[in-house]
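Have a look at the structure below, then the notes.
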Amino acid sequence: MEKLVCREFRPGRRFVGRLPHGKDLIQSVENFCKENSIVMATFSLIGAVSSATVGAYDQKQQVYVTFKENLPLEIVICAGNVSLKDGNPVVHAHILLGDEQGKTIGGHLFSETLLFAGEIEIQELIGNPMERASDAVTGLMLWKN
Amino acid sequence: MEKLVCREFRPGRRFVGRLPHGKDLIQSVENFCKENSIVMATFSLIGAVSSATVGAYDQKQQVYVTFKENLPLEIVICAGNVSLKDGNPVVHAHILLGDEQGKTIGGHLFSETLLFAGEIEIQELIGNPMERASDAVTGLMLWKN
Amino acid sequence: MEKLVCREFRPGRRFVGRLPHGKDLIQSVENFCKENSIVMATFSLIGAVSSATVGAYDQKQQVYVTFKENLPLEIVICAGNVSLKDGNPVVHAHILLGDEQGKTIGGHLFSETLLFAGEIEIQELIGNPMERASDAVTGLMLWKN
């Protein structure tokens with residue numbers, strides 16, 4: 001792909017809500033989408049976790065390296081999207097976490113990441129939903145054009 | 001609360017603006033909301049500060065730990081929302097700051113945090129506004145359902 | 001400027017897309033805007049880069065200090081806007097990058113920053129577009145009121 005190619009969407013429903021204490025972040029968002037028939041959306045959230053799993057993609061080996069943080073951390077920011085993989089709405093999000101000295105770690109958000117509290121905004125997108133498939137160049141599950 | 005429960009809003013006015021040099025970040029946004037009768041919104045901004053106060057929530061002790069940075073820093077990202085507390089629009093935002101080596105600190109945004117420059121987008125939300133109240137489980141001022 | 005003053009915009013087209021592998025981030029977004037006659041927008045994206053150029057503004061000397069990272073990094077978050085400078089749509093964005101240990105660096109996004117992969121959302125804004133001009137107080141290219 002030589003340049004940025006986008007698909008145009010119409011704005012659907014706009015939701016704001018409180019994230020559930022003690023639950024997994026990705027599962028909470030995906031379950032909400034399934035219950036509300038959302039197949040395509042963008043979202044962002046702030047809050048805190050009691051533990052987190054974050055990763056980075058090893059671009060040469062084409063595998064994710066993950067690391068788990070078993071301590072309370074602020075969610076400085078978490079932003080991502082919902083689109084289809086194998087017909088189901090799946091979350092792709094990145095997260096930045098901060099400790100009590102403000103020191104941060106960040107990367108690709110994985111389960112399990114357990115919520116302490118949080119506030120999310122979700123913008124449903126109406127149109128031909130993006131679908132994920134394996135990309136030969138990067139080894140990632142990217143959107144098909 | 002067992003799962004993510006959201007409230008649906010209609011998009012209101014969408015604002016973009018330049019943050020005032022030398023002023024407090026939270027107060028600037030809250031004053032703008034009061035002047036424009038905004039009671040519910042989401043916003044994000046980038047820019048720079050001349051000093052900042054950031055914190056993290058001690059989930060066990062249920063108190064915020066804060067720290068002050070008395071130096072110029074980039075606002076790598078600041079995202080948050082406006083909702084009601086005691087009938088007034090209040091900001092809840094998290095911020096990430098970066099120094100001249102790109103080293104970052106982040107967490108819950110407090111006053112006082114003094115702006116050097118910045119650019120903000122604000123999306124007003126129309127509907128039944130969220131209201132904050134003390135939450136027994138976390139000790140935080142969370143949105144009532 | 002004593003307080004936050006904003007301009008109101010109507011939402012235009014909303015785009016979601018996949019960023020091009022191996023291309024410069026800023027140029028990709030600016031080219032997309034030119035091709036689609038976008039003069040004012042906000043955007044955010046997540047993804048990864050193969051190399052990046054990031055900076056911070058030296059508020060006393062009024063110059064940007066930049067640093068280059070010649071290694072694969074996650075884009076934890078990148079957020080910014082498009083507005084006019086000398087009649088052309090230009091990107092102003094900040095970026096946060098994370099390595100394989102989750103260690104982060106962040107600041108003002110510069111070219112060249114080469115994409116590995118990424119997913120962007122762009123919200124076109126309709127109205128009187130913001131225009132950049134030199135600001136005497138900060139030395140930055142800020143929006144004229």
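How things are named: the first chain in the structure tokens is A, the next is B, and so on; residues count from 1 in each chain; ligands count from 1 in the order shown.
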*Please, which residues of chain B lie no more than 10 Å from chain A when the count uses only C-alpha atoms, and can they be set out as a PyMOL selection string?*
chain B and resi 1-11+41-42+54-60+64-67+77-81+92-97+103-109+125+129-130+137-138+140+142-145
Q: Could you pull out the residues in stretch 32-112 of chain A that DSSP calls strand (DSSP E or B) from the backbone, as an NGL selection string?
A: :A and (41-58 or 63-69 or 73-85 or 88-98 or 103-112)
With DSSP run on the backbone, what are the alpha helix (DSSP H) residues within chain A? I'd like them as a ChimeraX atom specification. /A:25-35
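The coordinates place atom CA of A:Glu35 at 20.7 Å from atom CA of A:Glu112.
From atom CA of B:Phe110 back to atom CA of C:Val63, the distance works out to 27.8 Å.
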Taken to one decimal, the atom CA of C:Leu115-atom CA of C:Arg132 distance is 26.4 Å
